[in-house]
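Peer 1: Next comes the structure file target.pdb, holding PDB, C-alpha atoms.
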```pdb
ATOM      1  CA  MET A   1       1.179-136.828 -20.629
ATOM      2  CA  ASP A   2      -1.456-136.301 -17.932
ATOM      3  CA  LYS A   3      -0.242-133.769 -15.340
ATOM      4  CA  THR A   4      -1.879-135.583 -12.433
ATOM      5  CA  PHE A   5      -0.053-138.774 -13.403
ATOM      6  CA  LEU A   6       3.272-136.946 -13.593
ATOM      7  CA  ALA A   7       2.780-135.205 -10.238
ATOM      8  CA  ALA A   8       1.636-138.354  -8.420
ATOM      9  CA  ARG A   9       4.440-140.448  -9.924
ATOM     10  CA  ARG A  10       6.988-137.829  -8.902
ATOM     11  CA  GLN A  11       5.757-137.890  -5.306
ATOM     12  CA  LEU A  12       5.717-141.685  -5.165
ATOM     13  CA  GLN A  13       9.298-141.769  -6.404
ATOM     14  CA  GLY A  14      10.274-139.391  -3.620
ATOM     15  CA  MET A  15       8.424-141.281  -0.895
ATOM     16  CA  SER A  16       9.758-144.617  -2.165
ATOM     17  CA  CYS A  17       7.616-146.986  -0.056
ATOM     18  CA  ASP A  18       6.720-150.619  -0.686
ATOM     19  CA  GLY A  19       3.071-149.859  -0.062
ATOM     20  CA  TYR A  20       0.767-146.920   0.541
ATOM     21  CA  GLU A  21      -2.529-146.092   2.159
ATOM     22  CA  VAL A  22      -4.597-143.583   0.220
ATOM     23  CA  GLY A  23      -7.241-141.591   2.089
ATOM     24  CA  ILE A  24     -10.263-140.098   0.332
ATOM     25  CA  ARG A  25     -11.809-137.581   2.710
ATOM     26  CA  ASP A  26     -15.337-136.253   2.391
ATOM     27  CA  ALA A  27     -14.894-132.645   3.512
ATOM     28  CA  ALA A  28     -18.589-132.200   4.301
ATOM     29  CA  GLN A  29     -18.854-135.213   6.623
ATOM     30  CA  GLY A  30     -15.240-135.515   7.765
ATOM     31  CA  LYS A  31     -15.188-139.231   6.943
ATOM     32  CA  ILE A  32     -12.265-140.944   5.218
ATOM     33  CA  MET A  33     -12.320-143.898   2.845
ATOM     34  CA  HIS A  34      -9.035-145.850   2.968
ATOM     35  CA  ARG A  35      -7.385-147.867   0.194
ATOM     36  CA  GLN A  36      -4.249-150.021   0.515
ATOM     37  CA  TRP A  37      -2.251-149.955  -2.737
ATOM     38  CA  ASP A  38       1.277-150.294  -4.024
ATOM     39  CA  GLY A  39       2.714-147.512  -6.170
ATOM     40  CA  GLY A  40       1.520-149.040  -9.416
ATOM     41  CA  GLN A  41      -2.014-149.434  -8.108
ATOM     42  CA  VAL A  42      -2.047-145.804  -6.973
ATOM     43  CA  LEU A  43      -1.197-144.683 -10.505
ATOM     44  CA  GLN A  44      -3.744-147.085 -12.006
ATOM     45  CA  SER A  45      -6.426-145.622  -9.725
ATOM     46  CA  LEU A  46      -5.892-141.970 -10.670
ATOM     47  CA  GLY A  47      -9.088-141.875 -12.725
ATOM     48  CA  PHE A  48     -11.135-142.952  -9.711
ATOM     49  CA  LEU A  49      -9.275-140.511  -7.458
ATOM     50  CA  LYS A  50      -9.853-137.665  -9.922
ATOM     51  CA  SER A  51     -13.590-138.301  -9.894
ATOM     52  CA  MET A  52     -13.638-138.326  -6.085
ATOM     53  CA  ASN A  53     -11.590-135.113  -5.967
ATOM     54  CA  ALA A  54     -13.971-133.440  -8.413
ATOM     55  CA  ARG A  55     -16.865-134.347  -6.097
ATOM     56  CA  GLY A  56     -15.296-132.401  -3.240
ATOM     57  CA  ASN A  57     -13.072-135.036  -1.641
ATOM     58  CA  ASP A  58      -9.479-134.381  -0.563
ATOM     59  CA  ILE A  59      -6.916-137.010  -1.549
ATOM     60  CA  TYR A  60      -4.231-138.042   0.953
ATOM     61  CA  ILE A  61      -1.406-140.570   1.094
ATOM     62  CA  ARG A  62       0.927-142.132   3.677
ATOM     63  CA  PRO A  63       3.129-145.233   4.014
ATOM     64  CA  SER A  64       1.113-148.404   4.548
ATOM     65  CA  ARG A  65       3.063-149.241   7.719
ATOM     66  CA  SER A  66       5.313-147.537  10.232
ATOM     67  CA  GLU A  67       8.659-146.953   8.577
ATOM     68  CA  GLY A  68      11.337-144.304   8.500
ATOM     69  CA  LEU A  69       9.449-141.798   6.353
ATOM     70  CA  LEU A  70       8.087-138.965   8.482
ATOM     71  CA  LEU A  71       5.862-136.000   7.650
ATOM     72  CA  VAL A  72       6.694-132.442   8.663
ATOM     73  CA  ASP A  73       3.524-130.475   7.962
ATOM     74  CA  ASP A  74       2.832-126.798   7.378
ATOM     75  CA  VAL A  75       6.265-125.272   6.692
ATOM     76  CA  GLY A  76       7.493-122.472   4.431
ATOM     77  CA  LEU A  77      10.289-122.052   1.913
ATOM     78  CA  GLY A  78      12.672-120.577   4.478
ATOM     79  CA  THR A  79      12.189-123.590   6.713
ATOM     80  CA  LEU A  80      12.816-125.991   3.836
ATOM     81  CA  GLN A  81      16.082-124.212   3.123
ATOM     82  CA  ARG A  82      17.086-124.493   6.785
ATOM     83  CA  MET A  83      16.250-128.192   6.789
ATOM     84  CA  ASP A  84      18.657-128.670   3.870
ATOM     85  CA  GLU A  85      21.356-126.654   5.583
ATOM     86  CA  GLU A  86      21.051-128.661   8.794
ATOM     87  CA  GLY A  87      21.053-132.106   7.205
ATOM     88  CA  CYS A  88      17.331-132.847   7.464
ATOM     89  CA  ASN A  89      16.835-132.715   3.696
ATOM     90  CA  PRO A  90      13.334-133.904   2.729
ATOM     91  CA  ALA A  91      12.986-136.889   0.415
ATOM     92  CA  ALA A  92       9.852-135.275  -1.035
ATOM     93  CA  ILE A  93       8.534-131.718  -0.860
ATOM     94  CA  ILE A  94       4.831-131.148  -1.597
ATOM     95  CA  GLN A  95       3.247-127.709  -2.026
ATOM     96  CA  THR A  96      -0.258-128.013  -0.583
ATOM     97  CA  SER A  97      -1.322-124.384  -1.070
ATOM     98  CA  PRO A  98       0.503-121.191  -2.120
ATOM     99  CA  GLN A  99       3.762-120.930  -0.107
ATOM    100  CA  ASN A 100       2.748-123.781   2.183
ATOM    101  CA  TYR A 101       4.531-127.129   2.124
ATOM    102  CA  GLN A 102       4.664-130.640   3.513
ATOM    103  CA  ALA A 103       8.083-132.280   3.793
ATOM    104  CA  TRP A 104       8.583-136.041   3.883
ATOM    105  CA  VAL A 105      11.861-136.803   5.681
ATOM    106  CA  ARG A 106      13.401-140.270   5.460
ATOM    107  CA  VAL A 107      15.348-141.289   8.555
ATOM    108  CA  GLN A 108      15.468-145.046   7.961
ATOM    109  CA  ARG A 109      14.839-147.674   5.302
ATOM    110  CA  GLY A 110      12.364-150.301   6.421
ATOM    111  CA  ASP A 111      10.207-150.748   9.501
ATOM    112  CA  LEU A 112      10.537-148.351  12.427
ATOM    113  CA  ASP A 113       9.044-148.810  15.892
ATOM    114  CA  PRO A 114       5.869-146.646  15.978
ATOM    115  CA  ASP A 115       6.770-145.033  19.312
ATOM    116  CA  LEU A 116      10.246-144.151  18.059
ATOM    117  CA  ALA A 117       8.812-142.891  14.763
ATOM    118  CA  THR A 118       6.390-140.656  16.646
ATOM    119  CA  GLN A 119       9.171-139.214  18.781
ATOM    120  CA  ALA A 120      11.276-138.525  15.680
ATOM    121  CA  ALA A 121       8.316-136.853  13.946
ATOM    122  CA  LYS A 122       7.654-134.674  17.004
ATOM    123  CA  LEU A 123      11.349-133.774  17.186
ATOM    124  CA  LEU A 124      11.325-132.607  13.565
ATOM    125  CA  ALA A 125       8.048-130.704  14.021
ATOM    126  CA  GLU A 126       9.400-128.893  17.088
ATOM    127  CA  ARG A 127      12.724-128.126  15.450
ATOM    128  CA  TYR A 128      11.209-126.712  12.257
ATOM    129  CA  GLY A 129       7.917-125.255  13.456
ATOM    130  CA  GLY A 130       5.750-127.882  11.817
ATOM    131  CA  ASP A 131       2.270-128.852  12.936
ATOM    132  CA  THR A 132       2.821-130.968  16.062
ATOM    133  CA  ASN A 133      -0.717-132.371  15.768
ATOM    134  CA  SER A 134       0.394-134.016  12.509
ATOM    135  CA  ALA A 135       3.577-135.437  14.033
ATOM    136  CA  ASP A 136       3.114-139.140  14.611
ATOM    137  CA  TRP A 137       4.328-142.484  13.349
ATOM    138  CA  ARG A 138       2.325-142.579  10.110
ATOM    139  CA  HIS A 139       0.438-139.432   9.241
ATOM    140  CA  TYR A 140      -1.475-138.563   6.093
ATOM    141  CA  GLY A 141      -0.105-135.931   3.713
ATOM    142  CA  ARG A 142      -1.677-134.688   0.508
ATOM    143  CA  LEU A 143      -1.203-136.486  -2.793
ATOM    144  CA  ALA A 144       0.148-134.285  -5.576
ATOM    145  CA  GLY A 145      -1.869-133.751  -8.743
ATOM    146  CA  PHE A 146      -5.202-133.154  -6.993
ATOM    147  CA  THR A 147      -6.886-130.013  -5.728
ATOM    148  CA  ASN A 148      -6.853-128.858  -2.112
ATOM    149  CA  ARG A 149     -10.572-128.621  -1.347
ATOM    150  CA  LYS A 150     -10.273-126.200   1.585
ATOM    151  CA  PRO A 151     -12.488-123.273   0.527
ATOM    152  CA  GLU A 152     -10.072-120.589   1.743
ATOM    153  CA  TYR A 153      -7.524-121.738  -0.853
ATOM    154  CA  ARG A 154      -9.948-121.750  -3.825
ATOM    155  CA  CYS A 155      -8.906-125.277  -4.749
ATOM    156  CA  PRO A 156      -5.274-124.929  -5.851
ATOM    157  CA  TYR A 157      -3.531-127.974  -7.247
ATOM    158  CA  VAL A 158      -1.192-129.808  -4.891
ATOM    159  CA  LEU A 159       2.264-129.783  -6.496
ATOM    160  CA  ALA A 160       5.207-132.171  -6.221
ATOM    161  CA  GLU A 161       8.341-130.076  -5.851
ATOM    162  CA  ARG A 162      11.752-131.689  -5.246
ATOM    163  CA  CYS A 163      11.314-135.444  -4.826
ATOM    164  CA  ASN A 164      14.697-137.173  -4.809
ATOM    165  CA  GLY A 165      13.905-139.970  -2.363
ATOM    166  CA  LYS A 166      17.178-139.559  -0.475
ATOM    167  CA  ASP A 167      17.775-140.258   3.204
ATOM    168  CA  ALA A 168      18.336-137.225   5.437
ATOM    169  CA  PRO A 169      22.101-136.856   6.111
ATOM    170  CA  GLN A 170      21.378-136.366   9.823
ATOM    171  CA  ALA A 171      19.053-139.387  10.019
ATOM    172  CA  THR A 172      21.239-141.230  12.536
ATOM    173  CA  ASP A 173      21.372-138.217  14.851
ATOM    174  CA  ILE A 174      17.632-137.655  14.559
ATOM    175  CA  LEU A 175      16.873-141.236  15.581
ATOM    176  CA  ALA A 176      19.430-141.120  18.375
ATOM    177  CA  GLU A 177      17.823-138.019  19.885
ATOM    178  CA  ALA A 178      14.333-139.480  19.404
ATOM    179  CA  SER A 179      15.459-142.696  21.094
ATOM    180  CA  ARG A 180      16.843-140.717  24.035
ATOM    181  CA  ARG A 181      13.566-138.823  24.414
ATOM    182  CA  LEU A 182      11.556-142.024  24.208
ATOM    183  CA  ALA A 183      13.685-143.660  26.884
ATOM    184  CA  GLU A 184      13.180-140.637  29.157
ATOM    185  CA  ARG A 185       9.412-140.721  28.652
ATOM    186  CA  ARG A 186       9.242-144.425  29.415
ATOM    187  CA  SER A 187      11.444-144.018  32.480
ATOM    188  CA  HIS A 188       9.297-141.148  33.714
ATOM    189  CA  HIS A 189       6.170-143.184  33.109
ATOM    190  CA  ARG A 190       7.506-146.158  35.093
ATOM    191  CA  ALA A 191       8.572-143.886  37.923
ATOM    192  CA  THR A 192       5.249-142.074  38.219
ATOM    193  CA  SER A 193       2.730-144.816  37.455
ATOM    194  CA  LEU A 194       0.650-146.120  40.315
ATOM    195  CA  PRO A 195       1.579-149.709  41.273
ATOM    196  CA  SER A 196      -1.983-150.864  40.736
ATOM    197  CA  SER A 197      -2.345-149.148  37.368
ATOM    198  CA  PRO A 198      -3.139-151.612  34.554
ATOM    199  CA  ILE A 199      -1.361-149.369  32.067
ATOM    200  CA  ASP A 200       2.072-150.727  33.065
ATOM    201  CA  GLN A 201       0.788-154.233  33.715
ATOM    202  CA  LEU A 202      -0.824-154.884  30.365
ATOM    203  CA  SER A 203      -0.471-158.647  30.635
ATOM    204  CA  ARG A 204      -2.751-158.744  33.692
ATOM    205  CA  PRO A 205      -6.447-159.325  32.897
ATOM    206  CA  LEU A 206      -8.731-156.532  34.011
ATOM    207  CA  LYS A 207     -12.128-156.855  35.643
ATOM    208  CA  ARG A 208     -14.862-156.924  33.056
ATOM    209  CA  ASP A 209     -17.668-155.601  35.245
ATOM    210  CA  ILE A 210     -16.242-152.051  35.360
ATOM    211  CA  ASP A 211     -18.172-149.280  33.599
ATOM    212  CA  PRO A 212     -15.845-148.431  30.675
ATOM    213  CA  ILE A 213     -16.925-144.785  30.563
ATOM    214  CA  LYS A 214     -16.203-144.205  34.252
ATOM    215  CA  TYR A 215     -12.982-146.189  33.994
ATOM    216  CA  ALA A 216     -11.715-144.219  30.972
ATOM    217  CA  MET A 217     -12.567-140.863  32.550
ATOM    218  CA  ALA A 218     -10.675-141.838  35.702
ATOM    219  CA  GLN A 219      -7.664-143.004  33.690
ATOM    220  CA  TYR A 220      -7.463-139.773  31.684
ATOM    221  CA  LEU A 221      -7.582-137.821  34.927
ATOM    222  CA  ASN A 222      -4.875-140.009  36.504
ATOM    223  CA  LEU A 223      -2.602-139.659  33.484
ATOM    224  CA  ALA A 224      -3.090-135.883  33.331
ATOM    225  CA  GLN A 225      -2.148-135.617  37.002
ATOM    226  CA  GLN A 226       0.881-137.907  36.627
ATOM    227  CA  TYR A 227       2.362-136.223  33.562
ATOM    228  CA  GLY A 228       1.339-132.629  34.113
ATOM    229  CA  ALA A 229       2.778-130.462  31.325
ATOM    230  CA  ASP A 230       4.069-133.611  29.567
ATOM    231  CA  PHE A 231       0.582-135.091  29.260
ATOM    232  CA  ASP A 232       0.141-136.372  25.692
ATOM    233  CA  GLU A 233      -3.545-136.808  24.895
ATOM    234  CA  SER A 234      -2.960-139.027  21.861
ATOM    235  CA  ARG A 235      -0.663-141.302  23.829
ATOM    236  CA  ALA A 236      -3.270-141.410  26.591
ATOM    237  CA  ASP A 237      -5.870-142.500  24.003
ATOM    238  CA  TYR A 238      -3.611-145.404  23.057
ATOM    239  CA  MET A 239      -3.112-146.397  26.711
ATOM    240  CA  VAL A 240      -6.802-146.232  27.559
ATOM    241  CA  ALA A 241      -7.737-148.152  24.409
ATOM    242  CA  SER A 242      -5.232-150.863  25.410
ATOM    243  CA  ASP A 243      -6.896-151.174  28.810
ATOM    244  CA  LEU A 244     -10.365-151.323  27.275
ATOM    245  CA  LEU A 245      -9.324-154.114  24.918
ATOM    246  CA  GLN A 246      -8.139-156.176  27.871
ATOM    247  CA  MET A 247     -11.440-155.540  29.617
ATOM    248  CA  GLY A 248     -13.088-157.417  26.768
ATOM    249  CA  LEU A 249     -14.489-154.520  24.757
ATOM    250  CA  ASP A 250     -14.630-154.850  20.975
ATOM    251  CA  ALA A 251     -13.455-152.221  18.485
ATOM    252  CA  SER A 252     -16.805-150.426  18.232
ATOM    253  CA  GLN A 253     -17.150-150.237  22.029
ATOM    254  CA  ILE A 254     -13.603-148.893  22.416
ATOM    255  CA  ARG A 255     -14.291-146.274  19.765
ATOM    256  CA  ALA A 256     -17.524-145.182  21.448
ATOM    257  CA  THR A 257     -15.772-144.910  24.802
ATOM    258  CA  LEU A 258     -12.933-142.796  23.406
ATOM    259  CA  GLU A 259     -15.425-140.541  21.619
ATOM    260  CA  GLN A 260     -17.201-139.850  24.909
ATOM    261  CA  THR A 261     -14.195-139.511  27.215
ATOM    262  CA  SER A 262     -11.004-138.462  25.375
ATOM    263  CA  PRO A 263     -10.084-134.853  26.293
ATOM    264  CA  ARG A 264     -10.882-132.339  23.526
ATOM    265  CA  LEU A 265     -10.977-135.160  20.976
ATOM    266  CA  ALA A 266     -13.210-133.413  18.435
ATOM    267  CA  GLN A 267     -11.143-130.218  18.572
ATOM    268  CA  ARG A 268      -7.767-132.014  18.460
ATOM    269  CA  LYS A 269      -8.665-134.215  15.526
ATOM    270  CA  ASN A 270     -11.014-131.924  13.660
ATOM    271  CA  GLY A 271     -11.329-133.067  10.066
ATOM    272  CA  HIS A 272      -9.729-136.482  10.543
ATOM    273  CA  LEU A 273     -11.437-137.880  13.641
ATOM    274  CA  ASP A 274     -12.546-141.134  11.988
ATOM    275  CA  ASP A 275      -9.074-141.755  10.611
ATOM    276  CA  TYR A 276      -7.418-141.044  13.958
ATOM    277  CA  LEU A 277      -9.696-143.378  15.929
ATOM    278  CA  GLN A 278      -9.301-146.161  13.380
ATOM    279  CA  ARG A 279      -5.498-145.857  13.426
ATOM    280  CA  THR A 280      -5.384-145.862  17.225
ATOM    281  CA  ILE A 281      -7.675-148.877  17.616
ATOM    282  CA  THR A 282      -5.920-150.805  14.842
ATOM    283  CA  ALA A 283      -2.529-150.189  16.486
ATOM    284  CA  VAL A 284      -3.846-151.461  19.834
ATOM    285  CA  PHE A 285      -5.291-154.638  18.338
ATOM    286  CA  GLN A 286      -2.065-155.284  16.442
ATOM    287  CA  ARG A 287      -0.048-154.804  19.623
ATOM    288  CA  PHE A 288      -1.937-157.593  21.347
ATOM    289  CA  GLY A 289      -2.154-159.788  18.244
ATOM    290  CA  GLN A 290      -5.933-159.679  18.128
ATOM    291  CA  SER A 291      -8.380-159.311  15.263
ATOM    292  CA  GLN A 292     -10.931-156.493  15.297
ATOM    293  CA  GLU A 293     -13.519-158.903  13.900
ATOM    294  CA  ARG A 294     -15.203-160.945  16.581
TER
END
```
Rewrite the structure of this file - the entire thing - as structure tokens.

Peer 2:
Amino acid sequence: MDKTFLAARRQLQGMSCDGYEVGIRDAAQGKIMHRQWDGGQVLQSLGFLKSMNARGNDIYIRPSRSEGLLLVDDVGLGTLQRMDEEGCNPAAIIQTSPQNYQAWVRVQRGDLDPDLATQAAKLLAERYGGDTNSADWRHYGRLAGFTNRKPEYRCPYVLAERCNGKDAPQATDILAEASRRLAERRSHHRATSLPSSPIDQLSRPLKRDIDPIKYAMAQYLNLAQQYGADFDESRADYMVASDLLQMGLDASQIRATLEQTSPRLAQRKNGHLDDYLQRTITAVFQRFGQSQER
């Protein structure tokens, strides 16, 4: 049987999601094409994905919504062993390049609040030395059976290692600690926010005659001053995008504003900038129950 089929099926069994989003990234341009499929559709589309991979595209996958399956990126064999020993056993282990792994850890079955999922992902990344830039509520990992197109790796195949689909034994403790951290962050934010700040008064309409570029720059500066060492640039992007939506800007205008004002955006999201901006803007529109099409 086809090895790509076997590898992809093995990973899907380990991830065990109702639906998936597959990302096809053009390495030369840094743009990602997204496809929403269930597991069967992913396997039926392997021929198409193979052709895109052969043309220099990287193939990624993630859950189609925020749920209790979190990615710990860029870890080694020793770390994977420690995760098992400490009750954070991955549901799926993917070798992305020689001696380099991605671990999918399941902490809950079903939907999980995106903020809580992000805190849990950051907790795992900090605890096990994973890539904190990849620690959020629904991050892309590589799909097994395809080649890693990064030139320094000479295109090795991405391999599906252990994929048992089991929940992490310490899942309850992980979520409890993440919930505690999230509560502290929210409490700190309420305590330090300016009374007139629209960030904590999202139901209040904002003036629509404000220059969005000047407004966003001022908000990033305010947030950096308020949070100091705890300043989270990605969270700030979400906050600013929420404000801009209420000011009446559409998705393309919000994107353009973030591109021009978000601190170190190109460096922080190098290689997946388009994907990151789309995810952030989509999450904001969903939060307020609005359609991006106007």

Peer 1: Between atom CA of Arg142 of chain A and atom CA of Gly87 of chain A, what is the distance, to one decimal in Å?

Peer 2: 23.8 Å

Peer 1: Provide the atom CA of Cys88 of chain A to atom CA of Leu143 of chain A distance in Å, to one decimal place.

Peer 2: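 For atom CA of Cys88 of chain A relative to atom CA of Leu143 of chain A, the distance reads 21.5 Å.
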
Peer 1: Select, from A:Ile281, A:Met239, A:Leu273, A:Ile24, the residue with the minimum atom-to-atom distance to Ala54 of chain A, counting only C-alpha atoms.

Peer 2: A:Ile24

Peer 1: Would you mind telling me which residue in A:Asp2, A:Glu161, A:Asp18, A:Asp26 lies nearest to Asp275 of chain A when using only C-alpha atoms?

Peer 2: A:Asp26

Peer 1: So, counting all atoms listed in the file, which residue among A:Glu126, A:Arg62, A:Gly228, A:Gln260 is closest to Lys214 of chain A?

Peer 2: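 Once distances to Lys214 of chain A are computed over all atoms listed in the file, the minimum belongs to A:Gln260.
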
Peer 1: I'd like the residues picked by the PyMOL selection byres ((chain A and resi 172) around 12) written out as a PDB file with C-alpha atoms, keeping the file's coordinate frame, using the chain letters and numbers from the file.

Peer 2:
```
ATOM      1  CA  GLY A  68      11.337-144.304   8.500  1.00  0.00           C
ATOM      2  CA  GLY A  87      21.053-132.106   7.205  1.00  0.00           C
ATOM      3  CA  CYS A  88      17.331-132.847   7.464  1.00  0.00           C
ATOM      4  CA  ARG A 106      13.401-140.270   5.460  1.00  0.00           C
ATOM      5  CA  VAL A 107      15.348-141.289   8.555  1.00  0.00           C
ATOM      6  CA  GLN A 108      15.468-145.046   7.961  1.00  0.00           C
ATOM      7  CA  ARG A 109      14.839-147.674   5.302  1.00  0.00           C
ATOM      8  CA  ALA A 120      11.276-138.525  15.680  1.00  0.00           C
ATOM      9  CA  ASP A 167      17.775-140.258   3.204  1.00  0.00           C
ATOM     10  CA  ALA A 168      18.336-137.225   5.437  1.00  0.00           C
ATOM     11  CA  PRO A 169      22.101-136.856   6.111  1.00  0.00           C
ATOM     12  CA  GLN A 170      21.378-136.366   9.823  1.00  0.00           C
ATOM     13  CA  ALA A 171      19.053-139.387  10.019  1.00  0.00           C
ATOM     14  CA  ASP A 173      21.372-138.217  14.851  1.00  0.00           C
ATOM     15  CA  ILE A 174      17.632-137.655  14.559  1.00  0.00           C
ATOM     16  CA  LEU A 175      16.873-141.236  15.581  1.00  0.00           C
ATOM     17  CA  ALA A 176      19.430-141.120  18.375  1.00  0.00           C
ATOM     18  CA  GLU A 177      17.823-138.019  19.885  1.00  0.00           C
ATOM     19  CA  ALA A 178      14.333-139.480  19.404  1.00  0.00           C
ATOM     20  CA  SER A 179      15.459-142.696  21.094  1.00  0.00           C
TER      21      SER A 179
END
```

Peer 1: Could you state the separation of atom CA of Thr4 of chain A and atom CA of Ala144 of chain A in Å, given to one decimal place?

Peer 2: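 A separation of 7.3 Å between them.
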
Peer 1: List the neighbours of Ala121 of chain A out to 7 Å using all atoms listed in the file; skip same-chain residues closer than 4 positions along the sequence, and give me the result as a list of chain:residue names.

Peer 2: A:Leu70, A:Leu71, A:Ala117, A:Ala125, A:Ala135, A:Asp136, A:Trp137

Peer 1: Return the single residue from A:Thr147, A:Gln41, A:Ser97, A:Ser187 that is closest to Arg55 of chain A, with distances computed using only C-alpha atoms.

Peer 2: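 Ranking A:Thr147, A:Gln41, A:Ser97, A:Ser187 by distance to Arg55 of chain A, first place goes to A:Thr147.
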
Peer 1: Can you list, as number ranges by chain, the residues that the PyMOL selection byres ((chain A and resi 233) around 9) selects here?

Peer 2: A: 220, 224, 231-232, 234-238, 262-265

Peer 1: Residues picked by the PyMOL selection byres ((chain A and resi 252) around 12) here, as a list in words?

Peer 2: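 For this structure, the PyMOL selection byres ((chain A and resi 252) around 12) captures Ala241, Leu244, Leu245, Gly248, Leu249, Asp250, Ala251, Gln253, Ile254, Arg255, Ala256, Thr257, Leu258, Glu259, Asp274, Leu277, Gln278, Ile281, Thr282, Gln292, Glu293 and Arg294 of chain A.
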
Peer 1: What are the centre and the three edge lengths of an axis-aligned box that wraps all atoms of segment 171-185 of chain A in the file, given that 8 Å is added to every side, written as lines of an AutoDock Vina configuration file and rounded to one decimal in Å?

Peer 2:
```
center_x = 15.4
center_y = -140.7
center_z = 19.6
size_x = 28.0
size_y = 22.0
size_z = 35.1
```

Peer 1: Considering all atoms listed in the file, can you say which of A:Ser16, A:Gln95, A:Asn57, A:Ser45 comes closest to Gly271 of chain A?

Peer 2: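 That would be A:Asn57, the residue with the smallest distance to Gly271 of chain A.
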
Peer 1: Place a sphere of radius 10 Å on (7.4, -130.6, 10.6) in the file coordinates and name every protein, DNA or RNA residue with an atom inside or on its surface, counting only C-alpha atoms; give the answer as a ChimeraX atom specification.

Peer 2: /A:70-75,79-80,83,101-105,121-135
